[in-house]
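Worksheet for the structure shown next.
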Amino acid sequence: MKTDIEIAQEAVLDPIREVAAKLSIPEEDLELYGKYKAKLSDGLLERTKDNPDGKLVLVTAINPTPAGEGKTTTSIGLGQALGRLGKKAVLALREPSLGPCFGIKGGAAGGGYAQVVPMEDLNLHFTGDFHAITSANNLLAALLDNHIQQGNALQIDPRQVVFKRCLDMNDRVLRNVVVGMGSKTDGMVREDHFVITVASEIMAILCLADDIADLKRRLSNIIVAYTFGGDPVTAGDLKAAGAMAALLKEAVKPNLIQTLEHTPAIVHGGPFANIAHGCNSVRATKAGLKLADIVVTEAGFGADLGAEKFFDIKCRKAGLKPDCVVLVATVRALKYNGGVQKTDLSGENLDALKKGIVNLEKHIENLKKYGVPIVVTLNAFVSDTKAETDFVERFCKERGCAFALSKVWESGGEGGIALAEQVLKTLSEQESHFQPLYPDELGLKEKIARIAQEIYGADGITYSPAAEKELARITELGMGDFPVCVAKTQYSLSDDPKKLGRPKGFTVNVREAYVSAGAGFVVAVLGAIMTMPGLPKVPAANAIDVDEAGKITGLF
């Protein structure tokens, strides 16, 4: 079969005006970025805000493995299949980060015949949203250090600067840096840090903001540092919010592109779910709900991260009520969780499947806590045997879950018909009784405990002294009612990436905590997870190239 980029480059795309027309979007509400990309105008979002909402379908997955799960591919294929069944459907997805594109993934636009296009544009600079977010973030950092240099009227303690610079690239040497070296005019020497752009608070704010006014309010609330007396200093105190909002004026508008089968796709925002809240923008999701009958969205990594944050942060903050959740697994990944090495996953192994399926079982149990109907789908591989798929189907049905096989990578929308039909059946026959995992008024440590014990299956939680102190300070500042965004490894239900399957008898360690006051949540950092990733020994960038005709190769 052809590579993903070959399939994408050979596709015949519809002009974006025609794609928009499927959602009854007039041409005057499109801000065009060439023939095949556009931003949706603020006027469109305002005029459609009173339209009835469509149905909201979340796609999530088991814990990711080197075998791959295909969550984004399944989301796109499901959207295409719904279109084939005559439904007015739209995808609401995240934008890819350059970090994974040049690091491990080599691209993040789906795969096979279930992709969003133009694939190269999406994976690289797209409409410039991430560059705008990076610029706004680093403008605030520059204003902060300039304020300290120019007399420090706010009495900022340079040892208590908590706002970090960012870059949309995996660059481990920037995790911990020293700035201000040189002469006296070069600024105050202090330790500083970088996070990857998708983990920055500006990204979270853009994804959670309702409009420009809400964006500016949230930007003003960002805590950048503390004074010598221990009081918080905000971006509003630095008079930074207006200029930052000016940089984000276009970035806050959702982007419209299409799938290989011309299904509309609103792709906007891109926080990672292991180190941020992992969902596309509220504006994109709400726009989709007003423009289509069914919105298919996704949340990053496994359901212990992306789905939990989608439910407990995004839905809570935005007032969203999901109608159905699709849980993606593969036979290969389940066997990997059962102890089979990556090189041996092609052979039938029911014993390993039985051992590894406990990971799927835990995610099913977790999702049921939220009261949303569940459809489990197996993203099919040619190496899967009937005995293996039959076993998984029985396992799911015994637990009260609908089941469907998905072949969208190989066959596009046609390969997702069975899944789409099962989703439609679930939407028509089962009512969602969505509820978050915990109430706002629960204390921060109690919220962390509920997530760790009920979602991860931990026996207990330990805290570093610094994390204990910071959680107490956040509560004293009146932000103890915020939801918690846990940053941890995506590879395990625990905070140890080597604990596969459904680990038992473990504790998790909160090594760091901080408040994202503008975004409106508290971050608890578990284990050894990094908010600035590094490149692997052989980065995907080594295989990416462009020829004299401008044709890109190596993205996949």
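Ligands are numbered from 1 in the order shown, chains are lettered A, B, ... in the order of the structure tokens, and residues start at 1 in each chain.
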- Item | Close residues, A:Thr377 itself excluded, 7 Å, only C-alpha atoms, min 2 positions apart in chain, as a PyMOL selection string | chain A and resi 326-329+375+379+403-406
Any chance you could export the current selection's N, CA and C atoms as a CSV table (one decimal), in the first residue's frame?
```csv
chain,number,residue,atom,x,y,z
A,326,VAL,N,-16.3,6.8,21.8
A,326,VAL,CA,-15.8,5.6,21.0
A,326,VAL,C,-14.4,5.3,21.6
A,327,LEU,N,-14.2,4.1,22.0
A,327,LEU,CA,-12.9,3.7,22.6
A,327,LEU,C,-12.2,2.8,21.7
A,328,VAL,N,-11.0,3.3,21.2
A,328,VAL,CA,-10.2,2.6,20.2
A,328,VAL,C,-9.2,1.7,20.8
A,329,ALA,N,-9.1,0.5,20.2
A,329,ALA,CA,-8.0,-0.5,20.6
A,329,ALA,C,-7.6,-1.2,19.4
A,375,VAL,N,-19.0,2.9,22.8
A,375,VAL,CA,-18.8,2.0,21.7
A,375,VAL,C,-17.3,1.6,21.6
A,379,ASN,N,-9.4,-1.2,15.7
A,379,ASN,CA,-8.8,-0.7,14.5
A,379,ASN,C,-8.0,-1.9,13.9
A,403,PHE,N,-20.0,-2.9,20.1
A,403,PHE,CA,-18.7,-3.2,19.5
A,403,PHE,C,-18.8,-3.1,17.9
A,404,ALA,N,-17.7,-2.6,17.3
A,404,ALA,CA,-17.6,-2.6,15.9
A,404,ALA,C,-16.2,-2.7,15.4
A,405,LEU,N,-16.0,-3.4,14.3
A,405,LEU,CA,-14.6,-3.4,13.7
A,405,LEU,C,-14.4,-2.3,12.7
A,406,SER,N,-13.3,-1.7,12.8
A,406,SER,CA,-13.0,-0.5,11.9
A,406,SER,C,-11.9,-0.9,10.9
```
- Near-A:Asn349 list (12 Å; only C-alpha atoms; drop same-chain fewer than 4 positions) as number ranges by chain: A: 331-332, 334-336, 338-341, 344-345, 353-356, 383-389, 391
- Can you work out which one of A:Ala20, A:Met1, A:Leu289, A:Ile451 has the shortest atom-to-atom distance to A:Lys55, counting only C-alpha atoms?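 That would be A:Leu289, the residue with the smallest distance to A:Lys55.
Non-sequential neighbours of A:His268 (distance at most 9 Å, separation of 4 or more positions within a chain, only C-alpha atoms) are Ala92, Leu93, Arg94, Glu95, Asp129, Cys207, Ala251, Val252, Lys253, Pro254, Asn255, Leu256, Asn280, Ser281, Arg283 and Ala284 of chain A.
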- Message: Using only C-alpha atoms, can you tell me which of A:Asp210, A:Asp237, A:Glu446, A:Glu31 comes closest to A:Ile222?
- Response: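 Of A:Asp210, A:Asp237, A:Glu446, A:Glu31, the one nearest A:Ile222 is A:Asp237, counting only C-alpha atoms.
Shortest atom-to-atom contact with A:Asn137 among A:Asp50, A:Asp459, A:Asp168, A:Glu365: A:Asp168, counting only C-alpha atoms.
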- Query: Quick one: DSSP helix (DSSP H, G or I) residues in stretch 35-205 of chain A, as a VMD selection string?
  - Reply: chain A and resid 42 to 47 71 to 84 98 to 102 119 to 123 129 to 149 172 to 174 184 to 186 197 to 199 201 to 205
The selected residues should be written to file as a short mmCIF file (atom, residue, chain, number, x, y, z; two decimals), in the first residue's frame (atoms: C-alpha atoms).
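So result-v1.cif came out as:
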```cif
data_model
loop_
_atom_site.label_atom_id
_atom_site.label_comp_id
_atom_site.auth_asym_id
_atom_site.auth_seq_id
_atom_site.Cartn_x
_atom_site.Cartn_y
_atom_site.Cartn_z
CA ASP A 42 -16.16 35.69 14.22
CA GLY A 43 -19.39 36.82 12.56
CA LEU A 44 -20.30 33.24 11.63
CA LEU A 45 -19.74 32.00 15.16
CA GLU A 46 -21.87 34.84 16.55
CA ARG A 47 -24.75 34.36 14.08
CA LYS A 71 -7.21 7.11 17.31
CA THR A 72 -6.98 10.05 14.91
CA THR A 73 -7.27 7.73 11.92
CA THR A 74 -10.41 6.20 13.44
CA SER A 75 -11.88 9.64 14.18
CA ILE A 76 -11.39 10.74 10.58
CA GLY A 77 -12.66 7.45 9.15
CA LEU A 78 -15.75 7.66 11.35
CA GLY A 79 -16.46 11.16 10.10
CA GLN A 80 -16.10 9.98 6.50
CA ALA A 81 -18.37 6.98 7.13
CA LEU A 82 -21.07 9.18 8.65
CA GLY A 83 -20.94 11.29 5.50
CA ARG A 84 -21.37 8.17 3.36
CA LEU A 98 6.17 20.27 15.07
CA GLY A 99 7.81 18.48 18.01
CA PRO A 100 6.38 14.99 17.32
CA CYS A 101 6.40 15.57 13.54
CA PHE A 102 10.18 15.89 13.57
CA MET A 119 -1.54 16.95 4.98
CA GLU A 120 1.83 18.70 4.55
CA ASP A 121 0.41 22.12 5.41
CA LEU A 122 -1.38 20.81 8.48
CA ASN A 123 1.72 19.05 9.82
CA ASP A 129 -1.63 29.46 14.97
CA PHE A 130 1.24 27.84 16.86
CA HIS A 131 3.66 30.57 15.82
CA ALA A 132 1.23 33.18 17.15
CA ILE A 133 0.88 31.30 20.44
CA THR A 134 4.67 31.02 20.75
CA SER A 135 5.07 34.74 20.03
CA ALA A 136 2.42 35.78 22.56
CA ASN A 137 3.97 33.52 25.20
CA ASN A 138 7.48 34.85 24.66
CA LEU A 139 6.29 38.47 24.49
CA LEU A 140 4.97 38.03 28.04
CA ALA A 141 8.28 36.48 29.12
CA ALA A 142 10.20 39.39 27.57
CA LEU A 143 7.95 41.99 29.26
CA LEU A 144 8.43 40.21 32.57
CA ASP A 145 12.23 40.26 32.40
CA ASN A 146 12.21 43.82 31.07
CA HIS A 147 10.12 44.94 34.04
CA ILE A 148 12.66 43.43 36.44
CA GLN A 149 15.49 45.15 34.54
CA ARG A 172 15.78 18.99 25.69
CA VAL A 173 18.69 21.42 26.21
CA LEU A 174 16.18 24.24 26.73
CA LYS A 184 24.45 44.70 33.43
CA THR A 185 22.33 45.94 30.51
CA ASP A 186 21.62 42.35 29.43
CA THR A 197 4.35 25.35 22.86
CA VAL A 198 1.55 22.80 23.13
CA ALA A 199 2.14 22.62 26.90
CA GLU A 201 -0.68 28.12 29.29
CA ILE A 202 -1.30 30.33 26.25
CA MET A 203 -2.23 27.21 24.25
CA ALA A 204 -4.64 26.12 26.97
CA ILE A 205 -6.16 29.60 27.14
#
```
- Find the residues around A:Gly443 up to 12 Å (only C-alpha atoms counted), leave out those fewer than 6 positions away in its own chain, and share them as a VMD selection string. chain A and resid 449 to 450 471 to 472 474 to 476 478 to 484 522
Please produce a file of the residues just selected, as a tab-separated table (two decimals), in the first residue's frame, where the atoms kept are N, CA and C atoms.
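Printed below is selection.tsv as written:
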```
chain	number	residue	atom	x	y	z
A	449	ALA	N	-6.46	12.73	44.31
A	449	ALA	CA	-6.65	11.37	44.83
A	449	ALA	C	-7.75	10.64	44.07
A	450	ARG	N	-8.83	11.34	43.76
A	450	ARG	CA	-9.93	10.69	43.05
A	450	ARG	C	-9.49	10.25	41.65
A	471	LEU	N	0.40	23.50	46.42
A	471	LEU	CA	-1.04	23.22	46.47
A	471	LEU	C	-1.70	24.00	47.60
A	472	ALA	N	-1.00	24.13	48.72
A	472	ALA	CA	-1.53	24.91	49.83
A	472	ALA	C	-1.63	26.39	49.45
A	474	ILE	N	-1.93	27.67	46.39
A	474	ILE	CA	-3.00	27.83	45.39
A	474	ILE	C	-4.36	27.89	46.08
A	475	THR	N	-4.54	27.03	47.07
A	475	THR	CA	-5.80	27.02	47.81
A	475	THR	C	-5.99	28.32	48.57
A	476	GLU	N	-4.93	28.82	49.19
A	476	GLU	CA	-4.99	30.08	49.93
A	476	GLU	C	-5.32	31.26	49.01
A	478	GLY	N	-7.36	31.19	46.70
A	478	GLY	CA	-8.76	31.11	46.31
A	478	GLY	C	-9.03	30.33	45.04
A	479	MET	N	-8.08	29.47	44.65
A	479	MET	CA	-8.24	28.71	43.41
A	479	MET	C	-8.33	27.21	43.67
A	480	GLY	N	-8.73	26.85	44.86
A	480	GLY	CA	-8.87	25.44	45.21
A	480	GLY	C	-10.06	24.77	44.54
A	481	ASP	N	-10.97	25.57	43.95
A	481	ASP	CA	-12.11	24.98	43.26
A	481	ASP	C	-11.82	24.68	41.79
A	482	PHE	N	-10.60	24.95	41.33
A	482	PHE	CA	-10.22	24.65	39.95
A	482	PHE	C	-10.16	23.14	39.73
A	483	PRO	N	-10.46	22.67	38.51
A	483	PRO	CA	-10.18	21.27	38.20
A	483	PRO	C	-8.68	21.02	38.11
A	484	VAL	N	-8.30	19.75	38.13
A	484	VAL	CA	-6.88	19.37	38.12
A	484	VAL	C	-6.52	18.76	36.76
A	522	VAL	N	-5.45	23.59	37.71
A	522	VAL	CA	-4.20	23.37	38.45
A	522	VAL	C	-3.51	22.16	37.85
```
- Message: If you run DSSP on the backbone here, which positions in stretch 77-194 of chain A get strand (DSSP E or B)? Please write them as an NGL selection string.
- Response: :A and (89-93 or 110-111 or 114-117 or 156-161 or 165-167 or 177-179 or 190-192 or 194)
- Minimum-distance residue to A:Val90, chosen among A:Lys551, A:Lys49, A:Lys22, A:Arg473 (using only C-alpha atoms):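 Closest to A:Val90 of all the choices is A:Lys22.
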- Task: Work out how far apart atom CA of A:Leu215 and atom CA of A:Leu238 are and give it in Å to one decimal.
- Result: 16.3 Å
- Counting only C-alpha atoms, figure out which residue out of A:Arg502, A:Lys407, A:Lys286, A:Lys369 gets nearest to A:Ile357.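 Result for the nearest residue to A:Ile357: A:Arg502.
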- Which of A:Leu305, A:Leu85, A:Leu206, A:Leu360 sits closest to A:Asn337 [using only C-alpha atoms]: A:Leu360
Would you kindly return, as a PDB file with C-alpha atoms, in the first residue's frame, each protein, DNA or RNA residue with an atom no farther than 10 Å from any atom of A:Val12, considering only C-alpha atoms and excluding same-chain residues fewer than 3 positions away?
```
ATOM      1  CA  ALA A   8      -2.461  12.589   0.509  1.00  0.00           C
ATOM      2  CA  GLN A   9      -0.448  14.103  -2.360  1.00  0.00           C
ATOM      3  CA  PRO A  15     -12.038  24.023  -3.006  1.00  0.00           C
ATOM      4  CA  VAL A 117      -5.682  17.308   3.930  1.00  0.00           C
ATOM      5  CA  LEU A 260      -9.726  12.693   1.717  1.00  0.00           C
ATOM      6  CA  GLU A 261     -13.463  12.182   1.152  1.00  0.00           C
ATOM      7  CA  HIS A 262     -14.207  15.910   1.532  1.00  0.00           C
TER       8      HIS A 262
END
```
- Item | Å distance separating atom CA of A:Ile62 from atom CA of A:Thr263, one decimal place | 26.0 Å
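Between atom CA of A:Leu291 and atom CA of A:Ser428 the interatomic distance comes to 19.7 Å.
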Neighbouring residues of stretch 516-518 of chain A were defined as those with any atom within 6 Å, considering only C-alpha atoms; residues of the same chain fewer than 5 positions away were excluded. Please report them as a compact mmCIF listing (two decimals) with C-alpha atoms, in the first residue's frame.
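Just written: selection-v9.txt:
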```
# COMPACT_ATOMS: atom_id res chain seq x y z
CA ARG A 218 -7.81 34.84 30.76
CA LEU A 219 -4.51 36.27 29.52
CA ASN A 221 -5.11 36.32 34.90
CA ILE A 222 -1.89 34.42 34.08
```
